[in-house]
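To start, the structure under review is shown below, and the notes come after it.
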Amino acid sequence: MALSLPYSNVDSSLRGLAGQAEGFGRFAIGGLHGPLYHVTTLADDGPGSLRDGCRRKEPLWIVFEVSGTINLTSFLSVSSYKTIDGRGQRIKLTGKGLRLKECEHVIICNLEFEGGRGPDSDGIQIKPKSKHIWIDRCSLRDYDDGLIDITRESTDITVSRCHFSQQDKTILIGADPSNVSDRCIRVTIHHCFFDGTRQRHPRVRFGKVHLYNNYTRNWGIYAVCASVESQIYSQCNIYEAGQKKVAFKYLTEKATDKDEACSGSIRSEGDLFITGTQAGLMTENDMSTLFHPGDYYPAWTVEAPTENLKHVLQHCTGWQCVPRPAEA
């Protein structure tokens with residue numbers, strides 16, 4: 001039986017990605033209303049470089065005329081209304097990662113991130129106060145800190161069809177218990193493959209997170225962690241344990257504006273737990289206070305968690321060899 005998968009039309013035209021994300025990042029339009037910017041060099045900076053395009057203030061739809069590795073010597077800051085569109089080429093970022101600081105409407109599609117070095121070195125760092133972000137079809141591995149960090153009041157973000165591997169700390173949502181303003185955070189993560197990464201798929205403080213149709217296998221500590229005041233809605237995901245059997249973990253922390261410490265809440269609906277996986281759900285959590293995605297967006301594409309879905313997520317996540325669509 002054929003799967004009903006999202007985004008069947010986004011590759012029909014170049015700008016077909018704009019405004020098409022499912023979930024909380026659904027309004028991200030990237031550089032829809034700007035001209036094309038052509039990356040013509042793998043240099044870290046200078047004319048025709050990715051960094052030069054990302055720093056410009058006007059909306060831009062950034063495409064690549066070269067394939068290869070861009071060695072970043074410092075974080076590459078991305079300004080508002082940018083699409084970084086790797087379709088049609090194979091671009092790998094290494095050394096450092098992308099920083100989305102106080103920006104909005106950014107789409108990052110079909111890139112590889114590998115080998116980030118140094119303290120605070122994340123593949124994609126979204127902070128502070130960034131919103132309307134969509135990360136789609138990226139492969140991320142082997143960064144000294146994390147692969148994706150979403151913190152400090154950044155919100156309305158979707159991460160879809162990404163492949164995560166060779167990593168300890170994978171996705172962090174919410175900075176620390178003192179950042180109580182992170183209560184505004186809303187993130188959707190769907191159709192991603194967490195492939196033997198150790199922890200944080202994701203780890204959440206304060207925020208509301210919708211997880212659906214992801215495949216998480218062979219974690220080293222836990223799959224998903226709910227910490228202080230977080231609300232996690234886990235729907236039709238596949239959790240396949242290796243040696244560590246418990247999928248869900250709760251961590252108790254004290255928000256600085258509260259008297260008592262608490263953990264977060266997890267609702268599991270239709271999840272598949274295989275190879276002896278134990279959910280680890282806390283039954284005493286009050287589910288009546290947990291958000292429902294349907295209160296925030298009208299529809300999303302969710303399948304039953306089957307072997308067929310698992311196969312698709314193993315082969316159709318991360319960077320893909322897809323042609324660059326023509327302009328409509």
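Chain lettering (A, B, ...) mirrors the order of the structure tokens, residue numbering begins at 1 for each chain separately, and ligand numbering begins at 1 in order of display.
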Residues within 8 Å of segment 218-226 of chain A, only C-alpha atoms, excluding chain neighbours under 3 positions, as a PyMOL selection string: chain A and resi 195-205+229-232+239-244+246-251+263-266
Pick from A:Lys82, A:Lys245, A:Lys169, A:Lys127, whichever lies nearest to Asp144 of chain A using only C-alpha atoms: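 With only C-alpha atoms as the atom set, the closest residue is A:Lys169.
Those residues that approach segment 2-8 of chain A to within 8 Å, counting only C-alpha atoms, are Val10, Asp11, Gln20, Ala21, Thr301, Val302, Glu303, Asn308 and Leu309 of chain A; same-chain residues fewer than 2 positions away are not listed.
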Selected residue, from A:Arg117, A:Lys101, A:His190, A:Arg15, that lies nearest to His210 of chain A when counting only C-alpha atoms: A:His190
Glu58 of chain A surroundings by only C-alpha atoms, 8 Å radius, close-in-sequence under 4 positions cut, as a ChimeraX atom specification: /A:34,80-81
Surrounding residues of Phe206 of chain A excluding itself and chain neighbours under 5 positions, 12 Å, only C-alpha atoms, as a ChimeraX atom specification: /A:150-155,172-187,225-232,251-255,262-265,290
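Residues in contact range of segment 60-62 of chain A, defined as at most 8 Å between only C-alpha atoms, with sequence neighbours fewer than 2 positions away removed, read Gly30, Gly31, Leu32, His33, Gly34, Pro35, Leu36, Tyr37, His38, Val39, Leu50, Gly53, Glu58, Phe64, Tyr81, Lys82, Thr83, Ile84 and Asp85 of chain A.
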DSSP strand (DSSP E or B) selection over segment 66-309 of chain A, as an MDAnalysis selection string: chainID A and resid 68:71 76:77 82:85 91:95 98:100 104:109 112:116 124:126 131:136 139:143 146:150 155:160 163:165 169:173 186:190 193:195 199 203:204 208:212 215:217 224:226 231:235 238:240 246 248:250 253 262 265:269 272:274 278
Selection near Glu114 of chain A, 10 Å with only C-alpha atoms, sequence-local residues under 3 positions removed, as a ChimeraX atom specification: /A:69,92-97,117,123,139-143,147,165-166
Residue nearest Glu65 of chain A - candidates A:Ile91, A:Ser79, A:Gly19, A:Ser130, atoms counted: only C-alpha atoms: A:Ile91
Atomic separation - atom CA of Ser160 of chain A relative to atom CA of Gln314 of chain A, Å: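 According to the coordinates, atom CA of Gln314 of chain A and atom CA of Ser160 of chain A are separated by 13.5 Å.
Using only C-alpha atoms, the smallest distance between any of A:Arg217, A:Arg26, A:Lys208, A:Lys258 and Ile157 of chain A comes from A:Arg26.
Within segment 4-108 of chain A, the backbone-based DSSP assignment of alpha helix (DSSP H) covers Leu50, Arg51, Asp52, Gly53, Cys54 and Arg55 of chain A.
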For atom CA of Gly23 of chain A and atom CA of Cys109 of chain A, the interatomic separation in Å (one decimal):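 Computing the Euclidean distance for atom CA of Gly23 of chain A and atom CA of Cys109 of chain A yields 16.4 Å.
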Nearest candidate to Ile274 of chain A (options A:Glu307, A:Asp122, A:Glu260, A:Glu102; using only C-alpha atoms):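 Using only C-alpha atoms, Ile274 of chain A sits closest to A:Glu307.
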Best match for closeness to Leu100 of chain A among A:Leu14, A:Ala328, A:Ile238, A:Ile133, counting only C-alpha atoms: A:Ile133
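From atom CA of Ile148 of chain A back to atom CA of Ala304 of chain A, the distance works out to 26.6 Å.
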